[in-house]
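Asks: Right, I'll just put the structure down here and ask away after.
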Amino acid sequence: MKPPSTPPTNIDELLQRCQQIAGLSLGELAGLAAIQVPQNLQRHKGWQGQLLELWLGATAGSKPQQDFPDLGVELKTIPIDRRWQPLETTYVCYAPLMNPPGVTWHTSNVRNKLAQVLWLPVEGDREIPVSERRVANGFLWTPGEDEDALLQKDWEELTEMIVLGHVEKITARHGNALHLRPKAADGSVLTDALGPEGQRIKTRPRGFYLRKTFTQTLLMRAFG
């Protein structure tokens with residue numbers, strides 16, 4: 001078995017590729033693709049996602065579009081513990097801190113990324129060596145009406161604070177499903193944002209993340 005050389009042509013083919021790698025370990029998948037496995041993922045945070053993108057034929061990389069643009073599907077890996085609890089929040093995309101005028105929830109990159117998601121749970125307990133962590137069955141998710149409304153409410157609240165120059169007042173308490181967190185390699189990385197008087201300030205880049213309580217609901221619905 002080898003990684004596919006072309007992207008999937010339809011949803012059924014994408015889900016079939018998920019089934020082919022379900023139950024295999026990251027070490028097995030890396031070996032079949034002739035890729036070296038890192039000792040830990042702290043220094044190689046994107047390694048796991050890149051490996052699974054390779055096996056599923058994703059093409060977008062870090063571009064502001066879905067991982068499978070022809071299918072309108074975004075891939076999200078989610079590390080889980082033995083009880084199927086998510087171990088971390090899920091990164092969605094960077095938050096623009098100098099928002100262009102006219103952006104609404106329906107035209108936002110967050111909604112574009114979450115319009116249709118292929119969730120791929122992976123064992124993430126730290127006591128399990130990276131090479132031995134197994135991939136679970138992937139499942140497709142499209143936000144229901146209530147979920148979309150919840151995400152929209154959070155996005156609008158956070159975006160309003162950014163536009164009004166209050167980005168540095170945003171804390172982890174803001175947002176029920178979606179929240180804003182610093183997104184940079186370290187604290188020395190800065191970007192432009194609006195200050196409370198409308199002036200340009202320097203602050204840490206931010207990203208939109210889905211809370212663990214939100215993704216846990218999706219996992220419970222998919223796997224009981």
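By convention here, the chains of the structure tokens are called A, B, ... in the order presented, each chain's residues are numbered starting at 1, and ligands are numbered starting at 1 in the order presented.
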Please identify all polymer residues within 12 Å of Ala149 (chain A), counting only C-alpha atoms, omitting same-chain residues fewer than 3 positions from it, and present them as number ranges by chain.

Replies: A: 105-106, 111, 143-146, 152-156, 176-178

Asks: Any chance you could tabulate, as CSV, the residues of region 32-57 of chain A at most 9 Å from region 61-82 of chain A with each one's nearest atom pair and distance in Å to one decimal, using only C-alpha atoms, in chain and rising number order?

Replies:
residue,atom,partner,partner_atom,distance
A:Gln48,CA,A:Thr77,CA,8.3
A:Gly49,CA,A:Thr77,CA,6.5
A:Gln50,CA,A:Gly61,CA,8.3
A:Leu52,CA,A:Thr77,CA,8.3
A:Glu53,CA,A:Leu75,CA,7.8
A:Gly57,CA,A:Phe68,CA,8.1

Asks: At a cut-off of 8 Å, using only C-alpha atoms, what residues contact region 2-5 of chain A? Leave out same-chain residues fewer than 6 positions from it and give the result as a PyMOL selection string.

Replies: chain A and resi 32-33+54-57

Asks: Tell me, as a tab-separated table (two decimals) with C-alpha atoms, in the first residue's frame, which residues lie within 9 Å of region 205-219 of chain A, counting only C-alpha atoms; anything in the same chain fewer than 4 positions away does not count.

Replies:
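Saved as out_29.tsv:
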chain	number	residue	atom	x	y	z
A	78	ILE	CA	-8.17	15.39	16.56
A	84	TRP	CA	-12.52	9.27	23.23
A	85	GLN	CA	-12.14	12.66	24.89
A	86	PRO	CA	-10.40	15.32	22.76
A	87	LEU	CA	-7.03	16.21	24.25
A	88	GLU	CA	-6.75	19.73	22.85
A	89	THR	CA	-8.69	22.49	21.16
A	90	THR	CA	-8.92	22.36	17.36
A	91	TYR	CA	-7.25	25.06	15.29
A	92	VAL	CA	-9.49	26.44	12.54
A	93	CYS	CA	-7.60	29.33	10.89
A	94	TYR	CA	-5.76	32.58	11.55
A	95	ALA	CA	-7.85	35.50	12.77
A	96	PRO	CA	-7.43	38.64	10.63
A	97	LEU	CA	-6.68	41.46	13.10
A	110	VAL	CA	-13.93	30.34	9.60
A	119	TRP	CA	-12.75	14.60	11.35
A	121	PRO	CA	-9.41	11.03	15.45
A	141	TRP	CA	-19.56	16.61	9.61
A	155	TRP	CA	-17.45	34.68	15.59
A	175	GLY	CA	-16.94	32.23	23.04
A	176	ASN	CA	-18.94	29.10	23.82
A	177	ALA	CA	-17.82	26.93	20.89
A	178	LEU	CA	-15.27	29.14	19.13
A	179	HIS	CA	-12.56	31.10	20.90
A	180	LEU	CA	-9.47	33.13	20.11
A	181	ARG	CA	-5.94	32.20	21.19
A	182	PRO	CA	-2.41	33.39	20.38
A	183	LYS	CA	-1.07	31.56	17.32
A	184	ALA	CA	2.70	31.93	16.94
A	189	VAL	CA	6.26	37.17	16.87
A	190	LEU	CA	4.05	40.25	16.45
A	191	THR	CA	1.53	41.47	13.89
A	192	ASP	CA	-0.54	44.60	13.24
A	193	ALA	CA	-3.93	45.12	14.90
A	223	PHE	CA	-19.20	7.08	17.95
A	224	GLY	CA	-21.63	7.00	20.86

Asks: With distances taken over only C-alpha atoms, which residue among A:Ser131, A:Ser108, A:Asn10, A:Gln19 lies nearest Leu151 (chain A)?

Replies: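 Counting only C-alpha atoms, the residue closest to Leu151 (chain A) is A:Ser108.
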
Asks: Name the residues in contact with Phe139 (chain A) at a cut-off of 8 Å, using only C-alpha atoms, excluding same-chain residues fewer than 3 positions from it; report them as a ChimeraX atom specification.

Replies: /A:15,118-120,222

Asks: List as an MDAnalysis selection string the protein and nucleic acid residues near region 162-174 of chain A, meaning an atom at most 6 Å away when only C-alpha atoms are counted, but skip any in the same chain fewer than 2 places from it.

Replies: chainID A and resid 159:160 194:196

Asks: Return as a VMD selection string the full set of residues in chain A whose backbone-based DSSP assignment is alpha helix (DSSP H).

Replies: chain A and resid 11 to 21 26 to 32 47 to 56 109 to 114 145 to 163 212 to 223

Asks: Would you export the selected residues with C-alpha atoms as a compact mmCIF listing (two decimals), in the first residue's frame, please?

Replies:
# COMPACT_ATOMS: atom_id res chain seq x y z
CA ILE A 11 -16.62 12.09 -1.13
CA ASP A 12 -17.00 8.30 -1.37
CA GLU A 13 -13.39 7.93 -2.51
CA LEU A 14 -12.22 10.18 0.33
CA LEU A 15 -14.09 8.11 2.92
CA GLN A 16 -12.74 4.92 1.35
CA ARG A 17 -9.20 6.24 1.86
CA CYS A 18 -10.07 6.90 5.50
CA GLN A 19 -11.21 3.30 5.91
CA GLN A 20 -7.96 2.03 4.37
CA ILE A 21 -5.83 3.72 7.02
CA LEU A 26 1.38 6.47 12.51
CA GLY A 27 4.56 4.41 12.39
CA GLU A 28 3.08 1.97 9.88
CA LEU A 29 1.81 4.80 7.68
CA ALA A 30 5.13 6.64 7.89
CA GLY A 31 7.05 3.45 7.04
CA LEU A 32 4.90 2.76 3.99
CA TRP A 47 4.04 16.25 11.24
CA GLN A 48 0.98 14.15 12.08
CA GLY A 49 -1.39 16.29 10.02
CA GLN A 50 0.98 16.34 7.05
CA LEU A 51 1.33 12.54 7.14
CA LEU A 52 -2.45 12.03 7.14
CA GLU A 53 -2.93 14.69 4.43
CA LEU A 54 -0.47 12.71 2.32
CA TRP A 55 -2.42 9.46 2.77
CA LEU A 56 -5.75 11.10 1.98
CA ASN A 109 -12.77 32.02 6.38
CA VAL A 110 -13.93 30.34 9.60
CA ARG A 111 -17.27 29.39 8.08
CA ASN A 112 -15.57 28.37 4.84
CA LYS A 113 -13.23 26.04 6.75
CA LEU A 114 -16.05 24.55 8.84
CA GLU A 145 -28.62 24.90 12.08
CA ASP A 146 -28.06 25.21 15.85
CA GLU A 147 -24.32 24.60 15.55
CA ASP A 148 -23.97 27.16 12.78
CA ALA A 149 -25.89 29.73 14.85
CA LEU A 150 -23.66 29.05 17.88
CA LEU A 151 -20.48 29.42 15.83
CA GLN A 152 -21.81 32.56 14.17
CA LYS A 153 -22.62 34.17 17.53
CA ASP A 154 -19.10 33.50 18.82
CA TRP A 155 -17.45 34.68 15.59
CA GLU A 156 -19.46 37.90 15.54
CA GLU A 157 -18.69 38.66 19.20
CA LEU A 158 -14.96 38.06 18.73
CA THR A 159 -14.79 39.91 15.41
CA GLU A 160 -16.61 42.92 16.87
CA MET A 161 -14.06 43.13 19.69
CA ILE A 162 -11.23 42.98 17.12
CA VAL A 163 -12.80 45.69 14.94
CA LYS A 212 -12.93 20.70 23.41
CA THR A 213 -16.51 20.69 24.72
CA PHE A 214 -17.76 21.37 21.19
CA THR A 215 -15.66 18.68 19.47
CA GLN A 216 -16.47 16.20 22.24
CA THR A 217 -20.15 16.52 21.30
CA LEU A 218 -19.28 15.69 17.69
CA LEU A 219 -17.26 12.64 18.73
CA MET A 220 -20.05 11.36 20.98
CA ARG A 221 -22.57 11.75 18.19
CA ALA A 222 -20.37 9.91 15.71
CA PHE A 223 -19.20 7.08 17.95

Asks: Can you list, as a ChimeraX atom specification, all residues belonging to region 2-199 of chain A that DSSP tags as strand (DSSP E)?

Replies: /A:74-80,90-94,117-123,139-141,178-182,191-194

Asks: For the selection just defined, write its residues with N, CA, C and O atoms to a file, as a compact mmCIF listing (two decimals), in the first residue's frame.

Replies:
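Heads up, here's the output in again.txt:
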# COMPACT_ATOMS: atom_id res chain seq x y z
N GLU A 74 -12.78 20.15 4.51
CA GLU A 74 -11.62 20.48 5.33
C GLU A 74 -11.27 19.26 6.19
O GLU A 74 -12.15 18.61 6.75
N LEU A 75 -9.99 18.94 6.31
CA LEU A 75 -9.52 17.83 7.15
C LEU A 75 -9.08 18.37 8.50
O LEU A 75 -8.28 19.31 8.57
N LYS A 76 -9.59 17.77 9.57
CA LYS A 76 -9.16 18.12 10.92
C LYS A 76 -8.82 16.84 11.68
O LYS A 76 -9.68 16.00 11.91
N THR A 77 -7.54 16.70 12.04
CA THR A 77 -7.17 15.59 12.92
C THR A 77 -7.45 16.01 14.35
O THR A 77 -7.33 17.19 14.70
N ILE A 78 -7.83 15.06 15.18
CA ILE A 78 -8.17 15.39 16.56
C ILE A 78 -7.59 14.33 17.49
O ILE A 78 -8.00 13.16 17.45
N PRO A 79 -6.60 14.69 18.31
CA PRO A 79 -6.02 13.72 19.24
C PRO A 79 -7.00 13.39 20.36
O PRO A 79 -7.62 14.30 20.94
N ILE A 80 -7.15 12.11 20.65
CA ILE A 80 -8.11 11.67 21.67
C ILE A 80 -7.42 10.77 22.69
O ILE A 80 -6.37 10.18 22.42
N THR A 90 -9.17 22.59 18.78
CA THR A 90 -8.92 22.36 17.36
C THR A 90 -8.72 23.69 16.63
O THR A 90 -9.63 24.53 16.60
N TYR A 91 -7.55 23.85 16.05
CA TYR A 91 -7.25 25.06 15.29
C TYR A 91 -8.09 25.11 14.01
O TYR A 91 -8.20 24.11 13.30
N VAL A 92 -8.68 26.27 13.74
CA VAL A 92 -9.49 26.44 12.54
C VAL A 92 -8.73 27.24 11.48
O VAL A 92 -8.47 26.76 10.38
N CYS A 93 -8.33 28.48 11.83
CA CYS A 93 -7.60 29.33 10.89
C CYS A 93 -7.11 30.57 11.63
O CYS A 93 -7.51 30.84 12.76
N TYR A 94 -6.23 31.32 10.98
CA TYR A 94 -5.76 32.58 11.55
C TYR A 94 -6.91 33.57 11.63
O TYR A 94 -7.81 33.57 10.79
N VAL A 117 -16.47 19.23 7.27
CA VAL A 117 -15.20 18.80 7.88
C VAL A 117 -15.11 17.28 7.92
O VAL A 117 -16.07 16.60 8.30
N LEU A 118 -13.95 16.77 7.52
CA LEU A 118 -13.64 15.36 7.73
C LEU A 118 -12.82 15.27 9.01
O LEU A 118 -11.67 15.71 9.06
N TRP A 119 -13.44 14.76 10.07
CA TRP A 119 -12.75 14.60 11.35
C TRP A 119 -12.03 13.26 11.37
O TRP A 119 -12.62 12.22 11.04
N LEU A 120 -10.76 13.30 11.77
CA LEU A 120 -9.96 12.08 11.81
C LEU A 120 -9.33 11.96 13.20
O LEU A 120 -8.29 12.56 13.49
N PRO A 121 -9.97 11.19 14.10
CA PRO A 121 -9.41 11.03 15.45
C PRO A 121 -8.15 10.16 15.41
O PRO A 121 -8.07 9.19 14.66
N VAL A 122 -7.19 10.52 16.27
CA VAL A 122 -5.93 9.78 16.37
C VAL A 122 -5.58 9.64 17.85
O VAL A 122 -5.79 10.58 18.63
N GLU A 123 -5.11 8.47 18.25
CA GLU A 123 -4.67 8.30 19.64
C GLU A 123 -3.64 9.37 19.98
O GLU A 123 -2.72 9.60 19.21
N PHE A 139 -14.89 10.65 10.07
CA PHE A 139 -16.32 10.88 9.82
C PHE A 139 -16.52 12.30 9.31
O PHE A 139 -15.79 13.22 9.65
N LEU A 140 -17.54 12.43 8.47
CA LEU A 140 -17.84 13.71 7.82
C LEU A 140 -18.86 14.47 8.66
O LEU A 140 -19.81 13.87 9.17
N TRP A 141 -18.66 15.78 8.81
CA TRP A 141 -19.56 16.61 9.61
C TRP A 141 -19.86 17.92 8.89
O TRP A 141 -18.95 18.57 8.37
N LEU A 178 -16.42 28.60 19.85
CA LEU A 178 -15.27 29.14 19.13
C LEU A 178 -14.58 30.15 20.01
O LEU A 178 -15.24 31.00 20.62
N HIS A 179 -13.26 30.07 20.14
CA HIS A 179 -12.56 31.10 20.90
C HIS A 179 -11.27 31.48 20.20
O HIS A 179 -10.86 30.88 19.21
N LEU A 180 -10.65 32.54 20.73
CA LEU A 180 -9.47 33.13 20.11
C LEU A 180 -8.27 32.89 21.02
O LEU A 180 -8.36 33.11 22.24
N ARG A 181 -7.16 32.45 20.42
CA ARG A 181 -5.94 32.20 21.19
C ARG A 181 -4.75 32.70 20.40
O ARG A 181 -4.78 32.76 19.16
N PRO A 182 -3.64 33.04 21.10
CA PRO A 182 -2.41 33.39 20.38
C PRO A 182 -1.98 32.24 19.48
O PRO A 182 -2.10 31.07 19.85
N THR A 191 2.22 41.07 15.12
CA THR A 191 1.53 41.47 13.89
C THR A 191 0.73 42.74 14.16
O THR A 191 0.56 43.15 15.32
N ASP A 192 0.23 43.37 13.09
CA ASP A 192 -0.54 44.60 13.24
C ASP A 192 -1.97 44.30 13.67
O ASP A 192 -2.57 43.30 13.27
N ALA A 193 -2.53 45.19 14.49
CA ALA A 193 -3.93 45.12 14.90
C ALA A 193 -4.41 46.52 15.20
O ALA A 193 -3.61 47.46 15.30
N LEU A 194 -5.73 46.67 15.35
CA LEU A 194 -6.30 47.96 15.72
C LEU A 194 -6.30 48.12 17.23
O LEU A 194 -6.66 47.19 17.96
